[in-house]
>>> print(open('model-v1.txt').read())   # compact mmCIF, C-alpha atoms and all ligand atoms
# COMPACT_ATOMS: atom_id res chain seq x y z
CA MET A 2 -2.13 -12.88 18.36
CA LYS A 3 -2.33 -9.47 19.97
CA ALA A 4 -4.21 -6.56 18.37
CA ALA A 5 -5.36 -3.09 19.42
CA VAL A 6 -9.13 -3.54 19.21
CA PHE A 7 -11.58 -0.64 18.85
CA HIS A 8 -14.96 -1.12 20.53
CA GLY A 9 -16.51 2.25 19.66
CA ALA A 10 -16.87 5.46 21.67
CA GLY A 11 -13.12 5.90 22.12
CA ARG A 12 -12.65 2.46 23.73
CA LEU A 13 -9.41 0.90 22.54
CA THR A 14 -7.88 -2.16 24.22
CA ALA A 15 -5.04 -4.56 23.46
CA GLU A 16 -6.46 -8.08 23.35
CA GLU A 17 -6.33 -11.44 21.63
CA TRP A 18 -7.59 -11.60 18.04
CA PRO A 19 -7.61 -14.64 15.74
CA ARG A 20 -4.51 -14.76 13.56
CA PRO A 21 -5.67 -14.44 9.93
CA SER A 22 -5.30 -17.43 7.62
CA ILE A 23 -4.38 -16.72 4.03
CA GLY A 24 -5.77 -17.83 0.68
CA ASP A 25 -4.42 -18.00 -2.87
CA GLY A 26 -2.53 -14.87 -3.86
CA ASP A 27 -2.47 -13.45 -0.31
CA LEU A 28 0.50 -12.60 1.89
CA LEU A 29 0.77 -12.91 5.65
CA LEU A 30 2.92 -10.24 7.28
CA ARG A 31 4.38 -10.08 10.75
CA LEU A 32 3.90 -6.43 11.66
CA ARG A 33 7.02 -4.32 11.92
CA GLY A 34 5.15 -1.06 12.34
CA CYS A 35 2.13 1.00 11.30
CA GLY A 36 1.64 4.76 11.11
CA LEU A 37 -1.23 6.29 13.08
CA CYS A 38 -3.26 8.33 10.57
CA GLY A 39 -5.47 11.36 11.20
CA SER A 40 -8.33 9.36 9.70
CA ASP A 41 -7.82 6.70 12.41
CA ILE A 42 -8.11 9.44 15.04
CA VAL A 43 -11.40 10.62 13.51
CA LYS A 44 -12.78 7.05 13.38
CA LEU A 45 -11.70 6.41 16.96
CA ALA A 46 -13.68 9.42 18.16
CA GLY A 47 -16.92 8.15 16.62
CA PRO A 48 -19.01 5.02 16.95
CA ALA A 49 -17.48 1.84 15.47
CA PRO A 50 -19.91 0.78 12.73
CA THR A 51 -18.54 -2.77 12.78
CA ALA A 52 -17.23 -3.06 16.37
CA PRO A 53 -15.08 -4.75 17.46
CA THR A 54 -12.66 -3.71 14.74
CA VAL A 55 -8.93 -3.21 14.13
CA LEU A 56 -7.78 0.02 12.45
CA GLY A 57 -4.43 1.00 10.94
CA HIS A 58 -3.49 1.08 7.26
CA GLU A 59 0.07 2.45 6.91
CA VAL A 60 1.61 -0.98 7.32
CA VAL A 61 5.19 -2.18 7.12
CA GLY A 62 5.70 -5.89 7.75
CA GLU A 63 7.83 -8.91 7.09
CA VAL A 64 6.48 -11.64 4.81
CA VAL A 65 6.06 -14.83 6.86
CA GLN A 66 3.74 -16.81 4.57
CA LEU A 67 2.95 -16.75 0.84
CA GLY A 68 -0.38 -17.78 -0.70
CA ALA A 69 -0.38 -20.08 -3.73
CA GLY A 70 0.58 -18.29 -6.92
CA VAL A 71 2.25 -15.24 -5.33
CA THR A 72 5.18 -14.01 -7.38
CA GLY A 73 7.55 -11.13 -6.74
CA PHE A 74 7.68 -11.61 -2.97
CA ALA A 75 9.58 -14.06 -0.78
CA ILE A 76 9.56 -15.11 2.89
CA GLY A 77 11.57 -12.57 4.86
CA ASP A 78 10.92 -9.64 2.51
CA ARG A 79 10.11 -6.33 4.13
CA VAL A 80 7.06 -4.80 2.46
CA VAL A 81 4.80 -1.80 2.75
CA ALA A 82 1.12 -2.49 2.04
CA ALA A 83 -1.88 -0.19 1.61
CA HIS A 84 -5.46 -1.10 2.48
CA HIS A 85 -7.71 -0.14 -0.46
CA VAL A 86 -7.57 -1.27 -4.09
CA PRO A 87 -10.03 -0.30 -6.83
CA CYS A 88 -11.32 -2.78 -9.43
CA GLY A 89 -9.74 -0.75 -12.26
CA ASP A 90 -12.62 -1.42 -14.61
CA CYS A 91 -15.88 0.17 -13.40
CA HIS A 92 -17.37 3.54 -14.38
CA PHE A 93 -15.72 5.25 -11.37
CA CYS A 94 -12.30 3.74 -12.10
CA ARG A 95 -12.41 4.66 -15.79
CA ARG A 96 -13.31 8.28 -14.99
CA GLY A 97 -10.58 9.10 -12.51
CA SER A 98 -12.53 8.30 -9.34
CA PRO A 99 -10.81 5.06 -8.24
CA SER A 100 -11.32 5.91 -4.58
CA MET A 101 -15.09 5.96 -5.19
CA CYS A 102 -15.02 2.48 -6.77
CA ARG A 103 -17.30 0.11 -4.82
CA THR A 104 -14.51 -2.46 -4.63
CA PHE A 105 -12.11 0.17 -3.26
CA LYS A 106 -14.34 0.95 -0.32
CA THR A 107 -14.87 -2.68 0.65
CA SER A 108 -11.27 -3.90 0.20
CA ASN A 109 -9.10 -3.89 3.32
CA LEU A 110 -6.18 -5.39 5.17
CA ASP A 111 -7.16 -8.18 7.55
CA PRO A 112 -7.73 -7.37 10.35
CA GLY A 113 -5.91 -3.98 10.03
CA GLY A 114 -2.48 -2.60 10.73
CA PHE A 115 -2.69 -2.47 14.53
CA ALA A 116 -2.19 -6.23 14.90
CA GLU A 117 0.77 -8.59 15.22
CA TYR A 118 -0.07 -10.35 11.94
CA VAL A 119 -1.76 -8.85 8.89
CA ARG A 120 -3.18 -10.61 5.85
CA VAL A 121 -2.68 -8.70 2.60
CA PRO A 122 -5.47 -9.80 0.20
CA ALA A 123 -4.51 -10.86 -3.34
CA PRO A 124 -5.60 -7.62 -5.12
CA ASN A 125 -3.58 -5.56 -2.61
CA VAL A 126 -0.57 -7.84 -3.16
CA LEU A 127 -0.80 -7.09 -6.88
CA HIS A 128 -1.50 -3.35 -6.75
CA ALA A 129 -0.71 -1.88 -3.32
CA CYS A 130 2.25 -3.79 -1.90
CA PHE A 131 5.92 -2.90 -2.40
CA ARG A 132 9.16 -4.57 -1.35
CA VAL A 133 11.18 -2.14 0.75
CA PRO A 134 14.83 -1.87 -0.29
CA ARG A 135 17.49 -2.34 2.38
CA HIS A 136 18.44 1.34 2.62
CA VAL A 137 14.89 2.49 3.43
CA ARG A 138 13.88 2.40 7.09
CA ASP A 139 10.53 0.92 8.19
CA GLU A 140 9.32 4.27 9.51
CA ASP A 141 10.07 6.02 6.22
CA ALA A 142 8.36 3.27 4.20
CA SER A 143 5.20 3.69 6.29
CA PHE A 144 4.68 7.06 4.58
CA VAL A 145 3.90 5.52 1.17
CA GLU A 146 0.12 5.54 1.72
CA PRO A 147 -0.22 9.07 3.19
CA LEU A 148 2.17 10.48 0.58
CA ALA A 149 0.14 8.83 -2.20
CA CYS A 150 -3.01 10.56 -0.92
CA CYS A 151 -1.21 13.92 -0.91
CA LEU A 152 0.09 13.32 -4.45
CA ARG A 153 -3.40 12.66 -5.71
CA ALA A 154 -4.63 15.83 -3.96
CA THR A 155 -2.00 18.01 -5.67
CA LYS A 156 -3.19 16.61 -9.02
CA ARG A 157 -6.85 17.19 -8.21
CA ALA A 158 -6.06 20.73 -7.01
CA ARG A 159 -4.36 21.36 -10.40
CA VAL A 160 -1.21 22.92 -9.00
CA GLU A 161 1.14 24.39 -11.62
CA ALA A 162 4.64 25.85 -11.60
CA GLY A 163 4.46 29.53 -10.66
CA ASP A 164 1.40 29.10 -8.45
CA THR A 165 1.25 30.31 -4.89
CA ALA A 166 -0.17 27.62 -2.61
CA VAL A 167 -1.14 27.84 1.05
CA VAL A 168 -1.10 24.72 3.24
CA VAL A 169 -3.35 24.97 6.30
CA GLY A 170 -2.18 22.68 9.12
CA LEU A 171 1.48 21.67 9.30
CA GLY A 172 1.20 18.24 10.86
CA SER A 173 2.91 15.36 9.06
CA ILE A 174 0.45 15.63 6.15
CA GLY A 175 0.97 19.38 5.82
CA CYS A 176 4.74 18.80 5.78
CA LEU A 177 4.33 16.28 2.93
CA PHE A 178 2.23 18.82 1.00
CA VAL A 179 4.84 21.54 1.45
CA GLN A 180 7.43 19.32 -0.24
CA LEU A 181 5.19 18.10 -3.07
CA LEU A 182 4.07 21.65 -3.87
CA LYS A 183 7.66 22.88 -3.97
CA ARG A 184 8.52 20.01 -6.34
CA LEU A 185 5.74 21.24 -8.63
CA GLY A 186 7.32 24.70 -8.71
CA ALA A 187 4.82 26.55 -6.50
CA ALA A 188 5.65 29.19 -3.91
CA VAL A 189 4.43 27.65 -0.65
CA VAL A 190 3.07 29.31 2.47
CA GLY A 191 2.41 27.16 5.53
CA CYS A 192 -0.20 28.09 8.09
CA ASP A 193 -0.17 26.72 11.64
CA PRO A 194 -0.32 28.43 15.04
CA ILE A 195 2.35 26.09 16.47
CA ALA A 196 5.73 27.76 15.94
CA GLU A 197 7.78 24.52 15.84
CA ARG A 198 5.56 23.21 13.07
CA ALA A 199 5.98 26.40 11.05
CA ASP A 200 9.77 26.14 11.54
CA LEU A 201 9.81 22.54 10.34
CA ALA A 202 7.75 23.50 7.25
CA LYS A 203 10.32 26.19 6.43
CA ARG A 204 13.17 23.72 6.80
CA LEU A 205 11.28 21.43 4.40
CA GLY A 206 11.08 24.18 1.79
CA ALA A 207 8.13 26.46 2.60
CA ASP A 208 8.83 30.04 1.46
CA ALA A 209 7.03 31.30 4.56
CA ALA A 210 5.11 29.75 7.44
CA GLY A 211 3.37 30.97 10.55
CA ALA A 212 0.01 31.74 12.10
CA ALA A 213 -3.01 32.83 10.03
CA ALA A 214 -2.23 36.58 9.86
CA LEU A 215 1.33 36.03 8.62
CA ALA A 216 0.23 33.33 6.18
CA SER A 217 -2.39 35.54 4.58
CA THR A 218 0.04 38.49 4.26
CA MET A 219 2.73 36.27 2.74
CA ALA A 220 0.32 34.62 0.30
CA ARG A 221 -0.62 38.06 -0.98
CA GLU A 222 2.97 39.22 -1.16
CA LEU A 223 4.26 36.15 -3.00
CA SER A 224 1.41 36.32 -5.52
CA GLU A 225 1.88 40.01 -6.35
CA GLY A 226 -1.32 40.89 -4.53
CA ARG A 227 -3.60 38.37 -6.29
CA GLY A 228 -3.96 35.92 -3.41
CA ALA A 229 -3.16 32.20 -3.40
CA ASP A 230 -3.96 30.02 -6.40
CA GLN A 231 -4.71 27.13 -4.06
CA VAL A 232 -5.45 26.78 -0.39
CA ILE A 233 -5.02 23.18 0.76
CA VAL A 234 -6.75 22.46 4.05
CA THR A 235 -5.33 19.52 6.01
CA GLY A 236 -6.95 20.39 9.33
CA GLY A 237 -9.58 22.63 10.84
CA GLY A 238 -12.42 21.48 8.58
CA ALA A 239 -15.29 23.68 7.47
CA ASP A 240 -14.39 26.48 9.91
CA VAL A 241 -11.32 27.29 7.78
CA LEU A 242 -13.39 28.07 4.68
CA PRO A 243 -14.18 31.78 5.29
CA TRP A 244 -10.47 32.47 5.91
CA ALA A 245 -9.44 30.36 2.91
CA ALA A 246 -11.89 32.29 0.71
CA GLU A 247 -10.21 35.55 1.79
CA VAL A 248 -6.72 34.23 1.07
CA VAL A 249 -7.45 32.58 -2.28
CA ARG A 250 -7.37 34.63 -5.49
CA ASP A 251 -10.39 35.20 -7.74
CA GLY A 252 -10.77 32.03 -9.79
CA GLY A 253 -8.65 30.03 -7.33
CA ALA A 254 -9.29 26.73 -5.60
CA ILE A 255 -9.79 25.59 -2.02
CA HIS A 256 -8.99 21.93 -1.54
CA PHE A 257 -10.07 19.93 1.50
CA PHE A 258 -7.86 16.99 2.41
CA ALA A 259 -9.91 16.15 5.49
CA GLY A 260 -13.49 16.46 6.70
CA GLY A 261 -14.62 18.06 9.91
CA GLY A 262 -17.58 20.31 10.58
CA ASP A 263 -20.99 20.59 8.99
CA ALA A 264 -22.22 22.76 6.13
CA LEU A 265 -19.64 24.94 4.38
CA PRO A 266 -19.85 28.55 5.61
CA LEU A 267 -19.48 30.33 2.27
CA ARG A 268 -21.97 32.51 0.45
CA LEU A 269 -22.98 31.08 -2.91
CA ASP A 270 -22.65 34.58 -4.37
CA THR A 271 -18.99 34.65 -3.32
CA LEU A 272 -18.39 31.31 -4.98
CA TYR A 273 -20.22 32.42 -8.11
CA HIS A 274 -18.94 35.97 -8.62
CA ARG A 275 -15.35 35.03 -7.78
CA GLU A 276 -15.44 31.71 -9.65
CA LEU A 277 -14.00 29.81 -6.71
CA THR A 278 -13.61 26.04 -6.82
CA VAL A 279 -14.02 23.91 -3.71
CA THR A 280 -12.74 20.36 -4.08
CA ALA A 281 -11.66 17.45 -1.90
CA THR A 282 -9.52 14.33 -2.04
CA TYR A 283 -10.30 11.11 -0.25
CA SER A 284 -7.53 8.49 -0.45
CA SER A 285 -5.29 7.52 -3.37
CA SER A 286 -4.95 5.07 -6.26
CA PRO A 287 -2.46 2.29 -7.12
CA ALA A 288 -0.66 4.67 -9.52
CA ASP A 289 -0.23 7.25 -6.74
CA LEU A 290 1.04 4.55 -4.37
CA GLN A 291 3.60 3.51 -6.97
CA GLU A 292 4.76 7.11 -7.42
CA ALA A 293 4.88 7.74 -3.65
CA PHE A 294 6.94 4.57 -3.16
CA ARG A 295 9.39 5.74 -5.82
CA LEU A 296 9.74 9.20 -4.20
CA ILE A 297 10.45 7.71 -0.78
CA VAL A 298 12.93 5.11 -2.07
CA ALA A 299 14.74 7.84 -4.03
CA GLY A 300 14.80 10.08 -0.95
CA GLU A 301 13.08 12.86 -2.91
CA VAL A 302 10.58 13.56 -0.16
CA ALA A 303 11.97 13.88 3.37
CA VAL A 304 9.94 11.93 5.90
CA GLU A 305 12.54 11.08 8.52
CA ARG A 306 11.74 14.03 10.80
CA LEU A 307 7.97 13.55 10.74
CA ILE A 308 7.56 10.71 13.24
CA THR A 309 7.91 12.21 16.70
CA HIS A 310 6.53 9.45 18.93
CA ARG A 311 6.58 5.64 18.97
CA VAL A 312 4.17 3.47 20.95
CA SER A 313 3.51 -0.26 21.21
CA LEU A 314 0.16 -1.84 20.25
CA GLY A 315 -0.79 -1.92 23.92
CA ARG A 316 -0.19 1.83 24.22
CA LEU A 317 -2.08 2.89 21.09
CA ALA A 318 -4.63 4.85 23.14
CA HIS A 319 -1.76 6.96 24.47
CA GLY A 320 -0.55 7.60 20.91
CA VAL A 321 -4.05 8.72 19.94
CA GLU A 322 -4.07 11.14 22.87
CA LEU A 323 -0.70 12.61 21.80
CA MET A 324 -2.05 13.26 18.29
CA ARG A 325 -5.31 14.73 19.62
CA ARG A 326 -3.43 17.15 21.83
CA ARG A 327 -1.26 18.04 18.79
CA GLU A 328 1.78 17.08 20.85
CA ALA A 329 2.83 14.47 18.29
CA LEU A 330 3.36 15.26 14.63
CA LYS A 331 3.06 11.59 13.76
CA VAL A 332 2.89 8.46 15.91
CA TYR A 333 4.34 5.14 14.76
CA VAL A 334 2.97 1.96 16.29
CA THR A 335 5.09 -1.16 16.75
CA PRO A 336 4.14 -4.61 18.00
ZN ZN A 401 -3.57 7.20 6.27
ZN ZN A 402 -13.73 0.25 -9.95
>>> encode(input="model-v1.txt", output="structure tokens", more="lines below")
Ligand SMILES: [Zn+2]
Ligand SMILES: [Zn+2]
Amino acid sequence: MKAAVFHGAGRLTAEEWPRPSIGDGDLLLRLRGCGLCGSDIVKLAGPAPTAPTVLGHEVVGEVVQLGAGVTGFAIGDRVVAAHHVPCGDCHFCRRGSPSMCRTFKTSNLDPGGFAEYVRVPAPNVLHACFRVPRHVRDEDASFVEPLACCLRATKRARVEAGDTAVVVGLGSIGCLFVQLLKRLGAAVVGCDPIAERADLAKRLGADAAGAAALASTMARELSEGRGADQVIVTGGGADVLPWAAEVVRDGGAIHFFAGGGDALPLRLDTLYHRELTVTATYSSSPADLQEAFRLIVAGEVAVERLITHRVSLGRLAHGVELMRRREALKVYVTP
């Protein structure tokens, strides 16, 4: 079968890859499409620790083979499948850190979403795989995994009704955050230098959106001068922290949804005297996936305007370039 294979150092080529064979409890999918995630872009820029490798984890496919004992799915079903599943039983899982579970980090789709056929391992079939109803388009279903990560972040950032929240970076992830924060009853300010992205965020419910100066003024205005309760950083990495610390209120929280950069440029005295909290979210849990799936099926989160470019497996490198240049909001990859 064909797959987009990553060889490290930015080298990505379409080539032959062995078609996975399935075991008990597994599913084999024929790929219908896979979202290109910001985390894929980051991985593609670095060395490939296990090169050659196949990335991609926002997978929509059609079931073409069922392992022994699989129930709830049939040949021909359209499904959306996520890549990581925790064990549900270890110290990490029992204390609300499922994404730090050792099983979580080692579980994966085989070989990955940028391939013509994808094996969904048995634990993923049980906990991270959903049958897509007829009225939901493939592209919309591919947002289940990213939306689940955003959901978990809003919980970890402890957003409450009446809060003022700032979202830094209005790519597809930022646009998901805007909607989730509005659903929670927060006033939302989007921050992005690209005017079209700010406009889209406003259409999706942001009370205000624009470049940094406007965002900081609006956050102050909407919070009666206190500053934002939360600043959620989806892009820009550590460099955003000094600005975020100016925009957040005393006692507020800055939440990183992505890495990027080295040490955090913030004085410990600022953190201490102002009781600031700096947190982060890496990935989601089966419960978040379930909730994200429900929101998308019910049409309660709008995702249909977020995919701006479509490329084939053979043109994945071009899709990566479009995301890097911030020309594409979200790229969807088809076989
Ligand atoms: Zn993702
Ligand atoms: Zn665990």
>>> residues_near_ligand(input="model-v1.txt", ligand="ligand ZN 402 (chain A)", cutoff="6 Å", atoms="only C-alpha atoms and all ligand atoms", output="MDAnalysis selection string")
chainID A and resid 87:91 93:94 99 102
>>> closest_residue(input="model-v1.txt", among="A:Arg31, A:Ala299, A:Leu37, A:Ala293", to="Ala318 of chain A", atoms="all atoms listed in the file")
A:Leu37
>>> residues_near_point(input="model-v1.txt", point="(2.4, 3.8, 1.4)", cutoff="6 Å", atoms="all atoms listed in the file", output="list in words")
Ala83, Ser143, Phe144, Val145, Glu146 and Leu290 of chain A
>>> write_last_selection(input="model-v1.txt", atoms="C-alpha atoms", output="tab-separated table (two decimals), keeping the file's coordinate frame")
chain	number	residue	atom	x	y	z
A	83	ALA	CA	-1.88	-0.19	1.61
A	143	SER	CA	5.20	3.69	6.29
A	144	PHE	CA	4.68	7.06	4.58
A	145	VAL	CA	3.90	5.52	1.17
A	146	GLU	CA	0.12	5.54	1.72
A	290	LEU	CA	1.04	4.55	-4.37
>>> closest_residue(input="model-v1.txt", among="A:Arg135, A:Arg184, A:Lys3, A:Lys331", to="ligand ZN 401 (chain A)", atoms="only C-alpha atoms and all ligand atoms")
A:Lys331
>>> residues_around(input="model-v1.txt", residues="segment 242-246 of chain A", least_positions_apart="5", cutoff="8 Å", atoms="all atoms listed in the file", output="compact mmCIF listing (two decimals) with C-alpha atoms, keeping the file's coordinate frame")
# COMPACT_ATOMS: atom_id res chain seq x y z
CA VAL A 232 -5.45 26.78 -0.39
CA ILE A 255 -9.79 25.59 -2.02
CA LEU A 265 -19.64 24.94 4.38
CA PRO A 266 -19.85 28.55 5.61
CA LEU A 267 -19.48 30.33 2.27
>>> closest_residue(input="model-v1.txt", among="A:Leu277, A:Leu56, A:Leu30, A:Leu152", to="Ala254 of chain A", atoms="all atoms listed in the file")
A:Leu277
>>> closest_atom_pairs(input="model-v1.txt", of="chain A", to="ligand ZN 401 (chain A)", cutoff="8 Å", atoms="all atoms listed in the file", output="tab-separated table")
residue	atom	partner	partner_atom	distance
A:Gly36	CA	A:ZN401	ZN	7.5
A:Leu37	CA	A:ZN401	ZN	7.3
A:Cys38	CA	A:ZN401	ZN	4.5
A:Gly39	CA	A:ZN401	ZN	6.7
A:Ser40	CA	A:ZN401	ZN	6.3
A:Asp41	CA	A:ZN401	ZN	7.5
A:Gly57	CA	A:ZN401	ZN	7.8
A:His58	CA	A:ZN401	ZN	6.2
A:Glu59	CA	A:ZN401	ZN	6.0
A:Glu146	CA	A:ZN401	ZN	6.1
A:Pro147	CA	A:ZN401	ZN	4.9
A:Cys150	CA	A:ZN401	ZN	8.0
A:Ser284	CA	A:ZN401	ZN	7.9
>>> residues_around(input="model-v1.txt", residues="segment 215-217 of chain A", least_positions_apart="6", cutoff="7 Å", atoms="all atoms listed in the file", output="list of chain:residue names")
A:Val190, A:Gly191, A:Cys192, A:Val248
>>> build_atoms(input="model-v1.txt", residues="segment 9-33 of chain A", atoms="N, CA and C atoms", output="PDB file, in the coordinates of the input")
ATOM      1  N   GLY A   9     -15.584   1.123  19.787  1.00  0.00           N
ATOM      2  CA  GLY A   9     -16.510   2.250  19.660  1.00  0.00           C
ATOM      3  C   GLY A   9     -16.364   3.195  20.833  1.00  0.00           C
ATOM      4  N   ALA A  10     -16.859   4.442  20.612  1.00  0.00           N
ATOM      5  CA  ALA A  10     -16.870   5.460  21.670  1.00  0.00           C
ATOM      6  C   ALA A  10     -15.514   5.635  22.355  1.00  0.00           C
ATOM      7  N   GLY A  11     -14.446   5.626  21.571  1.00  0.00           N
ATOM      8  CA  GLY A  11     -13.120   5.900  22.120  1.00  0.00           C
ATOM      9  C   GLY A  11     -12.482   4.736  22.850  1.00  0.00           C
ATOM     10  N   ARG A  12     -13.182   3.594  22.954  1.00  0.00           N
ATOM     11  CA  ARG A  12     -12.650   2.460  23.730  1.00  0.00           C
ATOM     12  C   ARG A  12     -11.709   1.613  22.872  1.00  0.00           C
ATOM     13  N   LEU A  13     -10.460   1.564  23.296  1.00  0.00           N
ATOM     14  CA  LEU A  13      -9.410   0.900  22.540  1.00  0.00           C
ATOM     15  C   LEU A  13      -8.620   0.024  23.517  1.00  0.00           C
ATOM     16  N   THR A  14      -8.598  -1.286  23.283  1.00  0.00           N
ATOM     17  CA  THR A  14      -7.880  -2.160  24.220  1.00  0.00           C
ATOM     18  C   THR A  14      -7.033  -3.173  23.460  1.00  0.00           C
ATOM     19  N   ALA A  15      -5.892  -3.522  24.042  1.00  0.00           N
ATOM     20  CA  ALA A  15      -5.040  -4.560  23.460  1.00  0.00           C
ATOM     21  C   ALA A  15      -5.588  -5.909  23.914  1.00  0.00           C
ATOM     22  N   GLU A  16      -5.919  -6.775  22.975  1.00  0.00           N
ATOM     23  CA  GLU A  16      -6.460  -8.080  23.350  1.00  0.00           C
ATOM     24  C   GLU A  16      -6.171  -9.120  22.291  1.00  0.00           C
ATOM     25  N   GLU A  17      -6.550 -10.353  22.583  1.00  0.00           N
ATOM     26  CA  GLU A  17      -6.330 -11.440  21.630  1.00  0.00           C
ATOM     27  C   GLU A  17      -7.298 -11.318  20.451  1.00  0.00           C
ATOM     28  N   TRP A  18      -6.781 -11.651  19.261  1.00  0.00           N
ATOM     29  CA  TRP A  18      -7.590 -11.600  18.040  1.00  0.00           C
ATOM     30  C   TRP A  18      -7.142 -12.798  17.208  1.00  0.00           C
ATOM     31  N   PRO A  19      -8.059 -13.474  16.511  1.00  0.00           N
ATOM     32  CA  PRO A  19      -7.610 -14.640  15.740  1.00  0.00           C
ATOM     33  C   PRO A  19      -6.596 -14.275  14.657  1.00  0.00           C
ATOM     34  N   ARG A  20      -5.521 -15.031  14.586  1.00  0.00           N
ATOM     35  CA  ARG A  20      -4.510 -14.760  13.560  1.00  0.00           C
ATOM     36  C   ARG A  20      -5.111 -15.101  12.198  1.00  0.00           C
ATOM     37  N   PRO A  21      -5.014 -14.185  11.220  1.00  0.00           N
ATOM     38  CA  PRO A  21      -5.670 -14.440   9.930  1.00  0.00           C
ATOM     39  C   PRO A  21      -5.031 -15.620   9.191  1.00  0.00           C
ATOM     40  N   SER A  22      -5.855 -16.387   8.492  1.00  0.00           N
ATOM     41  CA  SER A  22      -5.300 -17.430   7.620  1.00  0.00           C
ATOM     42  C   SER A  22      -5.421 -16.939   6.183  1.00  0.00           C
ATOM     43  N   ILE A  23      -4.452 -17.314   5.361  1.00  0.00           N
ATOM     44  CA  ILE A  23      -4.380 -16.720   4.030  1.00  0.00           C
ATOM     45  C   ILE A  23      -4.883 -17.671   2.951  1.00  0.00           C
ATOM     46  N   GLY A  24      -5.310 -17.057   1.838  1.00  0.00           N
ATOM     47  CA  GLY A  24      -5.770 -17.830   0.680  1.00  0.00           C
ATOM     48  C   GLY A  24      -4.826 -17.619  -0.495  1.00  0.00           C
ATOM     49  N   ASP A  25      -5.232 -18.144  -1.658  1.00  0.00           N
ATOM     50  CA  ASP A  25      -4.420 -18.000  -2.870  1.00  0.00           C
ATOM     51  C   ASP A  25      -4.131 -16.531  -3.155  1.00  0.00           C
ATOM     52  N   GLY A  26      -2.898 -16.233  -3.459  1.00  0.00           N
ATOM     53  CA  GLY A  26      -2.530 -14.870  -3.860  1.00  0.00           C
ATOM     54  C   GLY A  26      -2.302 -13.915  -2.707  1.00  0.00           C
ATOM     55  N   ASP A  27      -2.632 -14.338  -1.483  1.00  0.00           N
ATOM     56  CA  ASP A  27      -2.470 -13.450  -0.310  1.00  0.00           C
ATOM     57  C   ASP A  27      -1.046 -13.521   0.245  1.00  0.00           C
ATOM     58  N   LEU A  28      -0.739 -12.559   1.099  1.00  0.00           N
ATOM     59  CA  LEU A  28       0.500 -12.600   1.890  1.00  0.00           C
ATOM     60  C   LEU A  28       0.122 -12.498   3.358  1.00  0.00           C
ATOM     61  N   LEU A  29       0.900 -13.156   4.207  1.00  0.00           N
ATOM     62  CA  LEU A  29       0.770 -12.910   5.650  1.00  0.00           C
ATOM     63  C   LEU A  29       2.021 -12.173   6.101  1.00  0.00           C
ATOM     64  N   LEU A  30       1.808 -11.054   6.767  1.00  0.00           N
ATOM     65  CA  LEU A  30       2.920 -10.240   7.280  1.00  0.00           C
ATOM     66  C   LEU A  30       2.977 -10.328   8.797  1.00  0.00           C
ATOM     67  N   ARG A  31       4.190 -10.350   9.323  1.00  0.00           N
ATOM     68  CA  ARG A  31       4.380 -10.080  10.750  1.00  0.00           C
ATOM     69  C   ARG A  31       4.624  -8.571  10.818  1.00  0.00           C
ATOM     70  N   LEU A  32       3.809  -7.896  11.618  1.00  0.00           N
ATOM     71  CA  LEU A  32       3.900  -6.430  11.660  1.00  0.00           C
ATOM     72  C   LEU A  32       5.260  -5.967  12.139  1.00  0.00           C
ATOM     73  N   ARG A  33       5.820  -5.014  11.426  1.00  0.00           N
ATOM     74  CA  ARG A  33       7.020  -4.320  11.920  1.00  0.00           C
ATOM     75  C   ARG A  33       6.620  -2.959  12.474  1.00  0.00           C
TER      76      ARG A  33
END
